[in-house]
Amino acid sequence: MIRDITIGQYYPANSIIHKLDPRVKLFSTLLYIIALFCFKGILGIGIITVFLFTTIKISKVPIKFIVKGLKAIVYLLLITAVFNLLLTPGNRVFWHYKLINITDTGITNAVVMSVRLIYLIIGTSLMTLTTTPNQLTDGLETSLKPLNKINVPVHAIAMMMSIALRFIPILIEETDKIMKAQMARGADFESGNIFKKAKNMVPLLVPLMVSAFRRADDLAMAMEARCYSGGAGRTKMKPLAYEKRDRIAYLVAILFFVAVIVARVLLPFPQ
C-alpha cells in the first residue's frame, strides 16, 4: 500500500497537459475541486467524469498508475460510505434498527461522497503527476504574488509546499525500507485486527520520524551553507509566460465549471 501512494510523484511524458503553465493547472485544479463539492445530480457527475477521464487520456499518464493511488484511502473510503449509509435520515426507510437507518438519502449520500473522494484523489494526483515540484513552486508563488503587498511571505509558503511535495516520495521510500528491515527482524504489519495493526506500527513510526527530522535538519543546514535568504531579489532561470494553449486551457476549465453549476440548477438529485 505504501508504494501505491501517487500524490507528490511526477510522471514524465510528452503531453499537452505536461506542457501547460503551472498556474493554469493550479487554477483548473481549484475549479475542479469546487465543482466536485458543488455538483448535484447525474448530469453533474457525468460532466465531471467526462472532464476528468478526458484530461487523463490527454495527459498520457496510465490510468492504472493513477488508480493504484486509491488503495491508500480504502479504509477512509469505506468509513465515509458506511457512516453516510447508516446514519443519514431520509424520506424512505428501507431498513431500521435502533439508531441505524438505511434510507434513500443515505444511499445517495454514500455514493456521492465516495465518488467525490475518489475523484478528489485522482484529480489532485493528476496535477502532481504532470507538474514538477519546481514548476508547482513557481506557479504558486506567481499566483500568490499580489499577497506580498500585505506582507504575506509568499515565497516562503511556496517553498514549504515544494519541499513537502518533494519529501512525500522520499518518505514513502524510507517507510518501505524500514518496513522491510523490521519484517526481517520478525515484525508483523499485516495480521490481527485494526488495533493490533495500529500497535504494530509503532516500530515503524519512531524510526520514520527520526529519519524525517534528520533529513529536515540536513536540508536546513545545506540552505544556510548556501546563504539562502528568501525570495527578495531572486531571479528565475525559466520565467513563466502564457502561451496560446494556456489561454485555451483557461477557457476549457471555466466552461467546465459553468457547465457543472448549470447542471446543479437544472437537474439536481431528487429530494
# chains A, B, ... in the order shown; residues from 1 in each chain; ligands from 1
call {"tool": "select_by_dssp", "arguments": {"residues": "stretch 141-265 of chain A", "states": "helix (DSSP H, G or I)", "output": "PyMOL selection string"}}
result
chain A and resi 141-143+145-150+154-184+194-200+202-225+244-265
call {"tool": "closest_residue", "arguments": {"among": "A:Glu141, A:Arg116, A:Leu36, A:Pro62", "to": "A:Pro239", "atoms": "only C-alpha atoms"}}
result
A:Glu141
call {"tool": "atom_distance", "arguments": {"atom1": "atom CA of A:Gly41", "atom2": "atom CA of A:Leu266"}}
result
9.0 Å
call {"tool": "select_by_dssp", "arguments": {"residues": "stretch 31-264 of chain A", "states": "strand (DSSP E or B)", "output": "ChimeraX atom specification"}}
result
/A:93-97,100-103
call {"tool": "atom_distance", "arguments": {"atom1": "atom CA of A:Ile42", "atom2": "atom CA of A:Phe94"}}
result
22.1 Å
call {"tool": "residues_around", "arguments": {"residues": "stretch 245-256 of chain A", "least_positions_apart": "4", "cutoff": "10 Å", "atoms": "only C-alpha atoms", "output": "ChimeraX atom specification"}}
result
/A:16-17,19-25,27-32,35,47-48,51,241,260-262
call {"tool": "write_last_selection", "arguments": {"atoms": "C-alpha atoms", "output": "PDB file, in the first residue's frame"}}
result
ATOM      1  CA  ILE A  16      -0.164  18.957 -23.699  1.00  0.00           C
ATOM      2  CA  ILE A  17      -1.068  18.716 -20.001  1.00  0.00           C
ATOM      3  CA  LYS A  19       3.445  21.492 -21.153  1.00  0.00           C
ATOM      4  CA  LEU A  20       0.751  23.732 -19.672  1.00  0.00           C
ATOM      5  CA  ASP A  21       1.738  26.625 -17.446  1.00  0.00           C
ATOM      6  CA  PRO A  22       1.607  25.509 -13.769  1.00  0.00           C
ATOM      7  CA  ARG A  23      -0.643  28.482 -12.973  1.00  0.00           C
ATOM      8  CA  VAL A  24      -3.216  27.083 -15.394  1.00  0.00           C
ATOM      9  CA  LYS A  25      -3.086  23.678 -13.727  1.00  0.00           C
ATOM     10  CA  PHE A  27      -6.380  27.280 -11.303  1.00  0.00           C
ATOM     11  CA  SER A  28      -8.023  24.352 -13.112  1.00  0.00           C
ATOM     12  CA  THR A  29      -7.495  22.057 -10.132  1.00  0.00           C
ATOM     13  CA  LEU A  30      -9.074  24.636  -7.817  1.00  0.00           C
ATOM     14  CA  LEU A  31     -12.124  24.933 -10.098  1.00  0.00           C
ATOM     15  CA  TYR A  32     -12.280  21.135 -10.329  1.00  0.00           C
ATOM     16  CA  ALA A  35     -17.108  21.781  -8.863  1.00  0.00           C
ATOM     17  CA  ILE A  47     -19.759  16.176 -16.790  1.00  0.00           C
ATOM     18  CA  ILE A  48     -17.059  15.767 -14.137  1.00  0.00           C
ATOM     19  CA  PHE A  51     -13.750  16.056 -17.985  1.00  0.00           C
ATOM     20  CA  ALA A 241       4.913  33.027 -19.722  1.00  0.00           C
ATOM     21  CA  VAL A 260     -21.378  21.853 -13.621  1.00  0.00           C
ATOM     22  CA  ILE A 261     -23.110  24.821 -11.964  1.00  0.00           C
ATOM     23  CA  VAL A 262     -25.803  24.896 -14.663  1.00  0.00           C
TER      24      VAL A 262
END
call {"tool": "closest_atom_pairs", "arguments": {"of": "stretch 12-128 of chain A", "to": "stretch 151-166 of chain A", "cutoff": "12 Å", "atoms": "only C-alpha atoms", "output": "JSON lines"}}
result
{"residue": "A:Ser125", "atom": "CA", "partner": "A:Leu165", "partner_atom": "CA", "distance": 11.4}
{"residue": "A:Met127", "atom": "CA", "partner": "A:Leu165", "partner_atom": "CA", "distance": 11.8}
{"residue": "A:Thr128", "atom": "CA", "partner": "A:Leu165", "partner_atom": "CA", "distance": 8.6}
call {"tool": "closest_residue", "arguments": {"among": "A:Lys244, A:His18, A:Arg214, A:Lys98", "to": "A:Thr55", "atoms": "only C-alpha atoms"}}
result
A:His18
call {"tool": "closest_residue", "arguments": {"among": "A:Ile33, A:Leu171, A:Leu43, A:Ile178", "to": "A:Arg264", "atoms": "only C-alpha atoms"}}
result
A:Leu43
call {"tool": "closest_residue", "arguments": {"among": "A:Ser211, A:Asn84, A:Ser114, A:Ser229", "to": "A:Lys177", "atoms": "only C-alpha atoms"}}
result
A:Ser211
call {"tool": "atom_distance", "arguments": {"atom1": "atom CA of A:Leu87", "atom2": "atom CA of A:Asn101"}}
result
6.1 Å
call {"tool": "decode", "arguments": {"residues": "stretch 113-151 of chain A", "atoms": "N, CA and C atoms", "output": "PDB file, in the first residue's frame"}}
result
ATOM      1  N   MET A 113     -20.553  10.823  -1.842  1.00  0.00           N
ATOM      2  CA  MET A 113     -19.333  11.103  -1.092  1.00  0.00           C
ATOM      3  C   MET A 113     -18.194  10.186  -1.501  1.00  0.00           C
ATOM      4  N   SER A 114     -18.503   8.935  -1.828  1.00  0.00           N
ATOM      5  CA  SER A 114     -17.472   8.016  -2.309  1.00  0.00           C
ATOM      6  C   SER A 114     -16.908   8.482  -3.640  1.00  0.00           C
ATOM      7  N   VAL A 115     -17.805   8.898  -4.543  1.00  0.00           N
ATOM      8  CA  VAL A 115     -17.366   9.403  -5.847  1.00  0.00           C
ATOM      9  C   VAL A 115     -16.529  10.660  -5.684  1.00  0.00           C
ATOM     10  N   ARG A 116     -16.967  11.553  -4.798  1.00  0.00           N
ATOM     11  CA  ARG A 116     -16.218  12.793  -4.575  1.00  0.00           C
ATOM     12  C   ARG A 116     -14.817  12.508  -4.038  1.00  0.00           C
ATOM     13  N   LEU A 117     -14.706  11.602  -3.089  1.00  0.00           N
ATOM     14  CA  LEU A 117     -13.407  11.286  -2.511  1.00  0.00           C
ATOM     15  C   LEU A 117     -12.491  10.639  -3.537  1.00  0.00           C
ATOM     16  N   ILE A 118     -13.030   9.704  -4.324  1.00  0.00           N
ATOM     17  CA  ILE A 118     -12.230   9.035  -5.356  1.00  0.00           C
ATOM     18  C   ILE A 118     -11.762  10.028  -6.410  1.00  0.00           C
ATOM     19  N   TYR A 119     -12.684  10.855  -6.894  1.00  0.00           N
ATOM     20  CA  TYR A 119     -12.334  11.834  -7.928  1.00  0.00           C
ATOM     21  C   TYR A 119     -11.383  12.900  -7.393  1.00  0.00           C
ATOM     22  N   LEU A 120     -11.507  13.222  -6.097  1.00  0.00           N
ATOM     23  CA  LEU A 120     -10.604  14.206  -5.496  1.00  0.00           C
ATOM     24  C   LEU A 120      -9.165  13.693  -5.511  1.00  0.00           C
ATOM     25  N   ILE A 121      -8.965  12.444  -5.112  1.00  0.00           N
ATOM     26  CA  ILE A 121      -7.624  11.864  -5.095  1.00  0.00           C
ATOM     27  C   ILE A 121      -7.074  11.751  -6.513  1.00  0.00           C
ATOM     28  N   ILE A 122      -7.898  11.301  -7.459  1.00  0.00           N
ATOM     29  CA  ILE A 122      -7.444  11.147  -8.840  1.00  0.00           C
ATOM     30  C   ILE A 122      -7.073  12.504  -9.438  1.00  0.00           C
ATOM     31  N   GLY A 123      -7.930  13.521  -9.221  1.00  0.00           N
ATOM     32  CA  GLY A 123      -7.674  14.834  -9.807  1.00  0.00           C
ATOM     33  C   GLY A 123      -6.430  15.505  -9.257  1.00  0.00           C
ATOM     34  N   THR A 124      -6.257  15.478  -7.930  1.00  0.00           N
ATOM     35  CA  THR A 124      -5.076  16.098  -7.331  1.00  0.00           C
ATOM     36  C   THR A 124      -3.808  15.315  -7.668  1.00  0.00           C
ATOM     37  N   SER A 125      -3.924  13.996  -7.746  1.00  0.00           N
ATOM     38  CA  SER A 125      -2.771  13.192  -8.143  1.00  0.00           C
ATOM     39  C   SER A 125      -2.350  13.511  -9.572  1.00  0.00           C
ATOM     40  N   LEU A 126      -3.333  13.742 -10.437  1.00  0.00           N
ATOM     41  CA  LEU A 126      -3.023  14.050 -11.835  1.00  0.00           C
ATOM     42  C   LEU A 126      -2.234  15.356 -11.941  1.00  0.00           C
ATOM     43  N   MET A 127      -2.549  16.333 -11.095  1.00  0.00           N
ATOM     44  CA  MET A 127      -1.809  17.595 -11.147  1.00  0.00           C
ATOM     45  C   MET A 127      -0.350  17.391 -10.769  1.00  0.00           C
ATOM     46  N   THR A 128      -0.086  16.649  -9.698  1.00  0.00           N
ATOM     47  CA  THR A 128       1.299  16.430  -9.280  1.00  0.00           C
ATOM     48  C   THR A 128       2.034  15.492 -10.225  1.00  0.00           C
ATOM     49  N   LEU A 129       1.307  14.576 -10.859  1.00  0.00           N
ATOM     50  CA  LEU A 129       1.940  13.646 -11.795  1.00  0.00           C
ATOM     51  C   LEU A 129       2.386  14.343 -13.083  1.00  0.00           C
ATOM     52  N   THR A 130       1.755  15.458 -13.418  1.00  0.00           N
ATOM     53  CA  THR A 130       2.070  16.157 -14.664  1.00  0.00           C
ATOM     54  C   THR A 130       2.825  17.468 -14.439  1.00  0.00           C
ATOM     55  N   THR A 131       3.189  17.762 -13.187  1.00  0.00           N
ATOM     56  CA  THR A 131       3.871  19.017 -12.868  1.00  0.00           C
ATOM     57  C   THR A 131       5.013  18.734 -11.905  1.00  0.00           C
ATOM     58  N   THR A 132       6.199  19.205 -12.233  1.00  0.00           N
ATOM     59  CA  THR A 132       7.342  19.010 -11.356  1.00  0.00           C
ATOM     60  C   THR A 132       7.209  19.902 -10.125  1.00  0.00           C
ATOM     61  N   PRO A 133       7.859  19.550  -9.016  1.00  0.00           N
ATOM     62  CA  PRO A 133       7.805  20.406  -7.820  1.00  0.00           C
ATOM     63  C   PRO A 133       8.300  21.823  -8.074  1.00  0.00           C
ATOM     64  N   ASN A 134       9.334  21.980  -8.912  1.00  0.00           N
ATOM     65  CA  ASN A 134       9.824  23.329  -9.226  1.00  0.00           C
ATOM     66  C   ASN A 134       8.764  24.152  -9.949  1.00  0.00           C
ATOM     67  N   GLN A 135       8.061  23.527 -10.896  1.00  0.00           N
ATOM     68  CA  GLN A 135       7.001  24.229 -11.611  1.00  0.00           C
ATOM     69  C   GLN A 135       5.856  24.607 -10.676  1.00  0.00           C
ATOM     70  N   LEU A 136       5.500  23.680  -9.772  1.00  0.00           N
ATOM     71  CA  LEU A 136       4.441  23.993  -8.810  1.00  0.00           C
ATOM     72  C   LEU A 136       4.829  25.166  -7.915  1.00  0.00           C
ATOM     73  N   THR A 137       6.088  25.202  -7.487  1.00  0.00           N
ATOM     74  CA  THR A 137       6.563  26.297  -6.649  1.00  0.00           C
ATOM     75  C   THR A 137       6.477  27.620  -7.384  1.00  0.00           C
ATOM     76  N   ASP A 138       6.975  27.642  -8.632  1.00  0.00           N
ATOM     77  CA  ASP A 138       6.948  28.876  -9.420  1.00  0.00           C
ATOM     78  C   ASP A 138       5.505  29.325  -9.685  1.00  0.00           C
ATOM     79  N   GLY A 139       4.643  28.357 -10.027  1.00  0.00           N
ATOM     80  CA  GLY A 139       3.256  28.701 -10.312  1.00  0.00           C
ATOM     81  C   GLY A 139       2.529  29.234  -9.094  1.00  0.00           C
ATOM     82  N   LEU A 140       2.741  28.597  -7.951  1.00  0.00           N
ATOM     83  CA  LEU A 140       2.080  29.043  -6.716  1.00  0.00           C
ATOM     84  C   LEU A 140       2.602  30.402  -6.283  1.00  0.00           C
ATOM     85  N   GLU A 141       3.899  30.591  -6.362  1.00  0.00           N
ATOM     86  CA  GLU A 141       4.480  31.872  -5.950  1.00  0.00           C
ATOM     87  C   GLU A 141       3.994  33.007  -6.841  1.00  0.00           C
ATOM     88  N   THR A 142       3.937  32.771  -8.143  1.00  0.00           N
ATOM     89  CA  THR A 142       3.471  33.815  -9.067  1.00  0.00           C
ATOM     90  C   THR A 142       1.990  34.104  -8.860  1.00  0.00           C
ATOM     91  N   SER A 143       1.195  33.058  -8.614  1.00  0.00           N
ATOM     92  CA  SER A 143      -0.246  33.242  -8.432  1.00  0.00           C
ATOM     93  C   SER A 143      -0.561  34.031  -7.157  1.00  0.00           C
ATOM     94  N   LEU A 144       0.248  33.822  -6.113  1.00  0.00           N
ATOM     95  CA  LEU A 144       0.007  34.493  -4.832  1.00  0.00           C
ATOM     96  C   LEU A 144       0.803  35.781  -4.676  1.00  0.00           C
ATOM     97  N   LYS A 145       1.476  36.201  -5.731  1.00  0.00           N
ATOM     98  CA  LYS A 145       2.355  37.370  -5.656  1.00  0.00           C
ATOM     99  C   LYS A 145       1.659  38.631  -5.154  1.00  0.00           C
ATOM    100  N   PRO A 146       0.381  38.888  -5.530  1.00  0.00           N
ATOM    101  CA  PRO A 146      -0.289  40.103  -5.005  1.00  0.00           C
ATOM    102  C   PRO A 146      -0.352  40.160  -3.478  1.00  0.00           C
ATOM    103  N   LEU A 147      -0.268  39.004  -2.797  1.00  0.00           N
ATOM    104  CA  LEU A 147      -0.332  38.993  -1.333  1.00  0.00           C
ATOM    105  C   LEU A 147       0.920  39.563  -0.695  1.00  0.00           C
ATOM    106  N   ASN A 148       1.990  39.747  -1.487  1.00  0.00           N
ATOM    107  CA  ASN A 148       3.204  40.366  -0.954  1.00  0.00           C
ATOM    108  C   ASN A 148       2.944  41.790  -0.476  1.00  0.00           C
ATOM    109  N   LYS A 149       1.935  42.437  -1.061  1.00  0.00           N
ATOM    110  CA  LYS A 149       1.632  43.823  -0.708  1.00  0.00           C
ATOM    111  C   LYS A 149       1.102  43.950   0.719  1.00  0.00           C
ATOM    112  N   ILE A 150       0.578  42.856   1.258  1.00  0.00           N
ATOM    113  CA  ILE A 150       0.094  42.879   2.647  1.00  0.00           C
ATOM    114  C   ILE A 150       1.023  42.054   3.548  1.00  0.00           C
ATOM    115  N   ASN A 151       2.272  41.944   3.102  1.00  0.00           N
ATOM    116  CA  ASN A 151       3.349  41.315   3.897  1.00  0.00           C
ATOM    117  C   ASN A 151       3.130  39.829   4.163  1.00  0.00           C
TER     118      ASN A 151
END
